[in-house]
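Colleague: File upload-v6.txt below, compact mmCIF, N, CA and C atoms:
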```txt
# COMPACT_ATOMS: atom_id res chain seq x y z
N SER A 452 125.96 89.35 116.02
CA SER A 452 126.04 89.91 114.68
C SER A 452 124.73 90.59 114.32
N ARG A 453 124.81 91.54 113.45
CA ARG A 453 123.64 92.34 113.07
C ARG A 453 123.02 91.76 111.79
N CYS A 454 121.75 91.98 111.66
CA CYS A 454 121.05 91.55 110.44
C CYS A 454 121.24 92.57 109.34
N GLN A 455 121.40 92.09 108.16
CA GLN A 455 121.50 92.97 107.00
C GLN A 455 120.09 93.25 106.50
N ARG A 456 119.76 94.51 106.36
CA ARG A 456 118.45 94.90 105.84
C ARG A 456 118.57 95.22 104.36
N LYS A 457 117.53 94.95 103.64
CA LYS A 457 117.51 95.32 102.23
C LYS A 457 117.44 96.83 102.14
N SER A 458 118.15 97.37 101.17
CA SER A 458 118.10 98.82 101.01
C SER A 458 116.77 99.20 100.36
N GLY A 459 116.25 100.33 100.74
CA GLY A 459 114.97 100.78 100.19
C GLY A 459 113.81 100.20 100.97
N LYS A 460 112.69 100.88 100.91
CA LYS A 460 111.52 100.42 101.64
C LYS A 460 110.40 100.00 100.70
N GLU A 461 110.73 99.75 99.46
CA GLU A 461 109.67 99.39 98.54
C GLU A 461 109.95 98.05 97.87
N THR A 462 108.88 97.35 97.62
CA THR A 462 108.95 96.10 96.88
C THR A 462 107.98 96.22 95.71
N TYR A 463 108.06 95.29 94.80
CA TYR A 463 107.22 95.34 93.61
C TYR A 463 106.30 94.13 93.59
N LYS A 464 105.07 94.36 93.20
CA LYS A 464 104.09 93.28 93.14
C LYS A 464 103.25 93.47 91.88
N ARG A 465 103.01 92.37 91.19
CA ARG A 465 102.19 92.44 89.98
C ARG A 465 100.72 92.31 90.39
N LEU A 466 99.90 93.22 89.88
CA LEU A 466 98.47 93.18 90.16
C LEU A 466 97.83 92.08 89.32
N GLN A 467 97.11 91.16 89.97
CA GLN A 467 96.48 90.05 89.26
C GLN A 467 95.11 89.77 89.86
N THR A 468 94.18 90.67 89.65
CA THR A 468 92.82 90.44 90.13
C THR A 468 92.05 89.66 89.07
N ASP A 469 90.89 89.15 89.46
CA ASP A 469 90.06 88.40 88.51
C ASP A 469 89.68 89.27 87.32
N ASN A 470 89.36 90.54 87.58
CA ASN A 470 88.98 91.44 86.48
C ASN A 470 90.15 91.69 85.53
N LEU A 471 91.34 91.87 86.08
CA LEU A 471 92.52 92.12 85.24
C LEU A 471 92.86 90.90 84.40
N ILE A 472 92.77 89.71 84.99
CA ILE A 472 93.04 88.47 84.25
C ILE A 472 92.00 88.28 83.14
N ALA A 473 90.74 88.59 83.45
CA ALA A 473 89.68 88.48 82.44
C ALA A 473 89.94 89.43 81.27
N ALA A 474 90.37 90.65 81.58
CA ALA A 474 90.68 91.62 80.52
C ALA A 474 91.88 91.15 79.70
N PHE A 475 92.86 90.55 80.36
CA PHE A 475 94.03 90.00 79.68
C PHE A 475 93.62 88.89 78.72
N LYS A 476 92.78 87.97 79.19
CA LYS A 476 92.30 86.87 78.34
C LYS A 476 91.52 87.41 77.14
N GLU A 477 90.70 88.42 77.41
CA GLU A 477 89.91 89.02 76.34
C GLU A 477 90.81 89.61 75.26
N GLU A 478 91.86 90.31 75.68
CA GLU A 478 92.79 90.90 74.71
C GLU A 478 93.57 89.82 73.96
N LEU A 479 93.91 88.73 74.65
CA LEU A 479 94.59 87.62 73.96
C LEU A 479 93.71 87.04 72.87
N MET A 480 92.41 86.89 73.18
CA MET A 480 91.49 86.31 72.19
C MET A 480 91.25 87.25 71.02
N SER A 481 91.27 88.55 71.27
CA SER A 481 90.99 89.50 70.18
C SER A 481 92.26 89.91 69.42
N GLN A 482 93.39 89.41 69.85
CA GLN A 482 94.67 89.75 69.21
C GLN A 482 94.77 89.10 67.82
N ASP A 483 95.32 89.82 66.87
CA ASP A 483 95.56 89.28 65.53
C ASP A 483 96.89 88.51 65.57
N TRP A 484 96.82 87.19 65.49
CA TRP A 484 98.01 86.35 65.62
C TRP A 484 98.63 85.99 64.27
N ASP A 485 98.17 86.59 63.19
CA ASP A 485 98.69 86.28 61.85
C ASP A 485 100.20 86.49 61.77
N VAL A 486 100.70 87.51 62.46
CA VAL A 486 102.14 87.79 62.42
C VAL A 486 102.93 86.60 62.98
N VAL A 487 102.32 85.83 63.87
CA VAL A 487 102.98 84.64 64.43
C VAL A 487 102.76 83.45 63.51
N TYR A 488 101.50 83.25 63.06
CA TYR A 488 101.17 82.09 62.23
C TYR A 488 101.92 82.05 60.90
N TRP A 489 102.11 83.21 60.30
CA TRP A 489 102.71 83.25 58.97
C TRP A 489 104.23 83.38 58.98
N GLU A 490 104.81 83.34 60.13
CA GLU A 490 106.28 83.41 60.23
C GLU A 490 106.86 82.03 59.90
N ASP A 491 107.81 81.97 58.97
CA ASP A 491 108.42 80.70 58.56
C ASP A 491 109.43 80.19 59.58
N ASP A 492 110.15 81.09 60.20
CA ASP A 492 111.18 80.72 61.17
C ASP A 492 110.53 80.50 62.54
N VAL A 493 110.68 79.29 63.07
CA VAL A 493 110.05 78.94 64.35
C VAL A 493 110.53 79.84 65.48
N ASP A 494 111.83 80.12 65.52
CA ASP A 494 112.38 80.97 66.57
C ASP A 494 111.80 82.39 66.50
N MET A 495 111.65 82.91 65.30
CA MET A 495 111.08 84.25 65.14
C MET A 495 109.60 84.26 65.52
N ALA A 496 108.89 83.18 65.16
CA ALA A 496 107.47 83.09 65.50
C ALA A 496 107.31 83.07 67.03
N TYR A 497 108.15 82.29 67.69
CA TYR A 497 108.10 82.23 69.15
C TYR A 497 108.43 83.58 69.76
N SER A 498 109.44 84.23 69.23
CA SER A 498 109.85 85.54 69.73
C SER A 498 108.72 86.57 69.58
N LYS A 499 108.05 86.55 68.44
CA LYS A 499 106.93 87.47 68.22
C LYS A 499 105.77 87.16 69.16
N PHE A 500 105.50 85.85 69.35
CA PHE A 500 104.44 85.45 70.28
C PHE A 500 104.73 85.97 71.69
N ILE A 501 105.96 85.74 72.15
CA ILE A 501 106.35 86.18 73.50
C ILE A 501 106.26 87.69 73.62
N ASP A 502 106.69 88.42 72.60
CA ASP A 502 106.60 89.88 72.64
C ASP A 502 105.16 90.35 72.79
N ILE A 503 104.27 89.77 72.00
CA ILE A 503 102.85 90.15 72.08
C ILE A 503 102.28 89.78 73.45
N PHE A 504 102.58 88.56 73.89
CA PHE A 504 102.07 88.07 75.17
C PHE A 504 102.53 88.96 76.31
N LYS A 505 103.83 89.26 76.36
CA LYS A 505 104.38 90.10 77.43
C LYS A 505 103.78 91.50 77.41
N THR A 506 103.64 92.06 76.22
CA THR A 506 103.08 93.41 76.10
C THR A 506 101.67 93.46 76.67
N LEU A 507 100.84 92.49 76.28
CA LEU A 507 99.47 92.45 76.78
C LEU A 507 99.42 92.17 78.28
N TYR A 508 100.30 91.28 78.74
CA TYR A 508 100.33 90.93 80.16
C TYR A 508 100.74 92.13 81.00
N ASN A 509 101.79 92.83 80.57
CA ASN A 509 102.24 94.00 81.31
C ASN A 509 101.21 95.13 81.27
N LYS A 510 100.47 95.21 80.18
CA LYS A 510 99.43 96.24 80.07
C LYS A 510 98.27 95.95 81.02
N ASN A 511 97.84 94.69 81.06
CA ASN A 511 96.66 94.33 81.85
C ASN A 511 96.96 93.99 83.30
N CYS A 512 98.15 93.52 83.58
CA CYS A 512 98.55 93.16 84.95
C CYS A 512 99.84 93.90 85.29
N PRO A 513 99.73 95.20 85.54
CA PRO A 513 100.95 96.00 85.75
C PRO A 513 101.64 95.68 87.07
N VAL A 514 102.92 96.01 87.12
CA VAL A 514 103.69 95.87 88.35
C VAL A 514 103.51 97.16 89.14
N LYS A 515 103.21 97.00 90.42
CA LYS A 515 102.96 98.15 91.29
C LYS A 515 104.01 98.18 92.39
N VAL A 516 104.42 99.38 92.78
CA VAL A 516 105.37 99.53 93.87
C VAL A 516 104.59 99.45 95.18
N ILE A 517 105.02 98.56 96.07
CA ILE A 517 104.39 98.39 97.37
C ILE A 517 105.34 98.93 98.42
N ASN A 518 104.86 99.83 99.24
CA ASN A 518 105.67 100.41 100.30
C ASN A 518 105.60 99.48 101.51
N ARG A 519 106.74 98.96 101.93
CA ARG A 519 106.78 98.01 103.03
C ARG A 519 106.49 98.65 104.39
N SER A 520 106.56 99.97 104.50
CA SER A 520 106.36 100.60 105.79
C SER A 520 104.91 100.49 106.27
N HIS A 521 103.98 100.14 105.36
CA HIS A 521 102.57 100.01 105.73
C HIS A 521 102.21 98.56 106.05
N LYS A 522 103.20 97.76 106.34
CA LYS A 522 103.03 96.33 106.57
C LYS A 522 102.08 96.04 107.74
N TYR A 523 102.15 96.86 108.79
CA TYR A 523 101.40 96.60 110.01
C TYR A 523 100.18 97.50 110.17
N LYS A 524 99.77 98.20 109.12
CA LYS A 524 98.69 99.17 109.23
C LYS A 524 97.37 98.54 109.64
N ASN A 525 97.09 97.33 109.19
CA ASN A 525 95.81 96.69 109.47
C ASN A 525 95.80 95.96 110.81
N LEU A 526 96.84 96.13 111.60
CA LEU A 526 96.93 95.48 112.90
C LEU A 526 97.05 96.55 113.99
N PRO A 527 95.92 97.15 114.40
CA PRO A 527 95.99 98.27 115.34
C PRO A 527 96.56 97.89 116.70
N TRP A 528 96.47 96.63 117.10
CA TRP A 528 97.00 96.19 118.39
C TRP A 528 98.51 96.05 118.36
N LEU A 529 99.10 96.09 117.17
CA LEU A 529 100.55 95.91 117.05
C LEU A 529 101.24 97.27 117.19
N THR A 530 101.73 97.54 118.39
CA THR A 530 102.38 98.82 118.67
C THR A 530 103.74 98.90 118.00
N LYS A 531 104.32 100.09 118.02
CA LYS A 531 105.65 100.29 117.43
C LYS A 531 106.66 99.37 118.11
N GLY A 532 106.54 99.23 119.43
CA GLY A 532 107.45 98.34 120.17
C GLY A 532 107.33 96.90 119.72
N LEU A 533 106.08 96.45 119.51
CA LEU A 533 105.87 95.07 119.03
C LEU A 533 106.38 94.90 117.61
N GLN A 534 106.23 95.93 116.79
CA GLN A 534 106.76 95.86 115.43
C GLN A 534 108.27 95.68 115.46
N ASN A 535 108.93 96.45 116.31
CA ASN A 535 110.39 96.32 116.44
C ASN A 535 110.77 94.95 116.98
N ALA A 536 109.97 94.44 117.92
CA ALA A 536 110.24 93.11 118.47
C ALA A 536 110.09 92.04 117.39
N CYS A 537 109.10 92.19 116.51
CA CYS A 537 108.92 91.25 115.40
C CYS A 537 110.12 91.30 114.46
N LYS A 538 110.60 92.50 114.20
CA LYS A 538 111.78 92.64 113.35
C LYS A 538 112.99 91.97 113.99
N LYS A 539 113.15 92.13 115.32
CA LYS A 539 114.28 91.50 116.01
C LYS A 539 114.16 89.98 115.95
N LYS A 540 112.93 89.47 116.13
CA LYS A 540 112.71 88.02 116.05
C LYS A 540 113.10 87.50 114.67
N ASN A 541 112.69 88.22 113.62
CA ASN A 541 113.03 87.82 112.25
C ASN A 541 114.54 87.87 112.04
N CYS A 542 115.18 88.87 112.64
CA CYS A 542 116.63 89.00 112.55
C CYS A 542 117.31 87.80 113.22
N LEU A 543 116.82 87.45 114.43
CA LEU A 543 117.39 86.29 115.13
C LEU A 543 117.19 85.01 114.33
N TYR A 544 116.07 84.90 113.64
CA TYR A 544 115.82 83.72 112.82
C TYR A 544 116.81 83.66 111.66
N ARG A 545 117.03 84.80 111.00
CA ARG A 545 117.99 84.82 109.88
C ARG A 545 119.39 84.46 110.36
N ILE A 546 119.75 84.94 111.55
CA ILE A 546 121.06 84.59 112.12
C ILE A 546 121.13 83.09 112.37
N PHE A 547 120.06 82.52 112.94
CA PHE A 547 120.04 81.08 113.19
C PHE A 547 120.18 80.29 111.89
N ILE A 548 119.44 80.69 110.86
CA ILE A 548 119.51 79.99 109.57
C ILE A 548 120.92 80.07 108.99
N LYS A 549 121.55 81.22 109.16
CA LYS A 549 122.89 81.42 108.61
C LYS A 549 123.94 80.60 109.37
N LEU A 550 123.87 80.63 110.72
CA LEU A 550 124.91 80.00 111.53
C LEU A 550 124.63 78.54 111.86
N ARG A 551 123.36 78.19 112.05
CA ARG A 551 122.95 76.83 112.43
C ARG A 551 123.65 76.34 113.70
N THR A 552 123.75 77.22 114.69
CA THR A 552 124.35 76.82 115.97
C THR A 552 123.24 76.63 117.00
N LYS A 553 123.55 75.85 118.04
CA LYS A 553 122.59 75.61 119.12
C LYS A 553 122.28 76.91 119.85
N GLU A 554 123.31 77.75 120.04
CA GLU A 554 123.13 79.03 120.74
C GLU A 554 122.18 79.95 119.97
N ALA A 555 122.37 80.04 118.66
CA ALA A 555 121.50 80.89 117.84
C ALA A 555 120.08 80.35 117.84
N ASP A 556 119.94 79.03 117.81
CA ASP A 556 118.63 78.39 117.85
C ASP A 556 117.92 78.72 119.16
N THR A 557 118.64 78.60 120.27
CA THR A 557 118.06 78.86 121.59
C THR A 557 117.65 80.32 121.72
N ARG A 558 118.53 81.24 121.30
CA ARG A 558 118.21 82.67 121.39
C ARG A 558 116.95 82.98 120.59
N TYR A 559 116.85 82.42 119.39
CA TYR A 559 115.68 82.67 118.55
C TYR A 559 114.42 82.11 119.19
N LYS A 560 114.46 80.87 119.65
CA LYS A 560 113.26 80.23 120.19
C LYS A 560 112.77 80.90 121.47
N VAL A 561 113.71 81.28 122.34
CA VAL A 561 113.32 81.96 123.59
C VAL A 561 112.65 83.29 123.26
N TYR A 562 113.26 84.06 122.37
CA TYR A 562 112.70 85.37 122.01
C TYR A 562 111.35 85.20 121.31
N LYS A 563 111.26 84.21 120.43
CA LYS A 563 110.01 83.95 119.71
C LYS A 563 108.88 83.61 120.68
N ASN A 564 109.17 82.75 121.65
CA ASN A 564 108.14 82.34 122.61
C ASN A 564 107.69 83.51 123.48
N GLU A 565 108.64 84.35 123.92
CA GLU A 565 108.28 85.52 124.71
C GLU A 565 107.42 86.47 123.89
N LEU A 566 107.81 86.70 122.65
CA LEU A 566 107.07 87.60 121.78
C LEU A 566 105.67 87.06 121.50
N THR A 567 105.56 85.77 121.28
CA THR A 567 104.25 85.16 121.03
C THR A 567 103.32 85.37 122.22
N GLU A 568 103.85 85.20 123.42
CA GLU A 568 103.05 85.42 124.63
C GLU A 568 102.55 86.86 124.69
N ILE A 569 103.44 87.80 124.44
CA ILE A 569 103.08 89.23 124.50
C ILE A 569 102.05 89.56 123.42
N ARG A 570 102.27 89.07 122.21
CA ARG A 570 101.37 89.38 121.10
C ARG A 570 99.98 88.83 121.35
N THR A 571 99.88 87.61 121.84
CA THR A 571 98.55 87.04 122.09
C THR A 571 97.84 87.77 123.21
N SER A 572 98.57 88.25 124.21
CA SER A 572 97.93 89.00 125.29
C SER A 572 97.47 90.38 124.80
N LYS A 573 98.18 90.98 123.85
CA LYS A 573 97.81 92.29 123.31
C LYS A 573 96.58 92.21 122.41
N ARG A 574 96.40 91.08 121.74
CA ARG A 574 95.28 90.94 120.81
C ARG A 574 93.94 90.94 121.53
N THR A 575 93.91 90.38 122.71
CA THR A 575 92.63 90.26 123.42
C THR A 575 92.33 91.46 124.27
```
Any chance you could give the structure as structure tokens?

Modeller:
Amino acid sequence: SRCQRKSGKETYKRLQTDNLIAAFKEELMSQDWDVVYWEDDVDMAYSKFIDIFKTLYNKNCPVKVINRSHKYKNLPWLTKGLQNACKKKNCLYRIFIKLRTKEADTRYKVYKNELTEIRTSKRT
């Protein structure tokens, strides 16, 4: 059986560096919270708090699109063939997890061990 791939080559990741978190905290501290404090309805106060919090969080820690095709860029020893072999190994693993058969387990482990041998020899 074939592995199902996710459509699209991009994933999303929220940027959360120390500087961004510090800026977020700074904005939280300088925010005027009177609109929350003076609200009589607890649910409305909570809703307003969450709105302010989310707005500041999204402003200071934005979500960035990450292109998955650059996954192996920092590994110069990892050739296109090895990249494809890694994808096949991951595919065999997903098949094993899905089916939980001895045959799928054996196919995955044999391929994984062969690939590990090749990868370690390529690194040196």

Colleague: Pick out each residue of chain A that DSSP on the backbone tags as strand (DSSP E or B); I need them as a ChimeraX atom specification.

Modeller: /A:461-465,514-518

Colleague: Can you pull out the residues contacting Val516 (chain A)? Cut-off 6 Å, using only N, CA and C atoms, and skip same-chain residues under 3 positions away; I want them as a compact mmCIF listing (two decimals) with N, CA and C atoms, in the coordinates of the input.

Modeller:
```
# COMPACT_ATOMS: atom_id res chain seq x y z
N THR A 462 108.88 97.35 97.62
CA THR A 462 108.95 96.10 96.88
C THR A 462 107.98 96.22 95.71
N TYR A 463 108.06 95.29 94.80
CA TYR A 463 107.22 95.34 93.61
C TYR A 463 106.30 94.13 93.59
N LYS A 464 105.07 94.36 93.20
CA LYS A 464 104.09 93.28 93.14
C LYS A 464 103.25 93.47 91.88
```

Colleague: Which of these, A:Leu479, A:Asn525, A:Leu533, A:Val514, has the shortest distance to Ile501 (chain A) once you count only C-alpha atoms?

Modeller: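 Checking each of A:Leu479, A:Asn525, A:Leu533, A:Val514 against Ile501 (chain A), counting only C-alpha atoms, the winner is A:Leu479.
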
Colleague: In Å, with one decimal, what is the gap from atom C of Lys553 (chain A) to CA of Lys538 (chain A)?

Modeller: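 These atoms are spaced 20.0 Å apart.
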
Colleague: With 6 Å added on each side, what axis-aligned box encloses every listed atom of region 541-552 of chain A? Give the centre and edge lengths in Å to one decimal, as AutoDock Vina command-line options.

Modeller:
```
--center_x 118.8 --center_y 82.7 --center_z 112.8 --size_x 24.2 --size_y 24.7 --size_z 20.4
```

Colleague: What is the distance, in Å and to one decimal place, between atom N of Arg465 (chain A) and CA of Leu507 (chain A)?

Modeller: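 According to the coordinates, atom N of Arg465 (chain A) and CA of Leu507 (chain A) are separated by 14.8 Å.
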
Colleague: For the atom pair CA of Tyr559 (chain A) and CA of Gly532 (chain A), what is the interatomic distance in Å to one decimal place?

Modeller: 17.8 Å

Colleague: Name all residues at most 12 Å from Tyr508 (chain A) (count only C-alpha atoms; drop same-chain ones fewer than 6 positions away) and give them as a list in words.

Modeller: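 Once the adjacent positions are removed, what remains is Arg465, Leu466, Gln467, Leu471, Ile472, Ala473, Ala474, Phe475, Lys476, Glu477, Glu478, Leu479, Ile501, Asp502 and Val514 of chain A.
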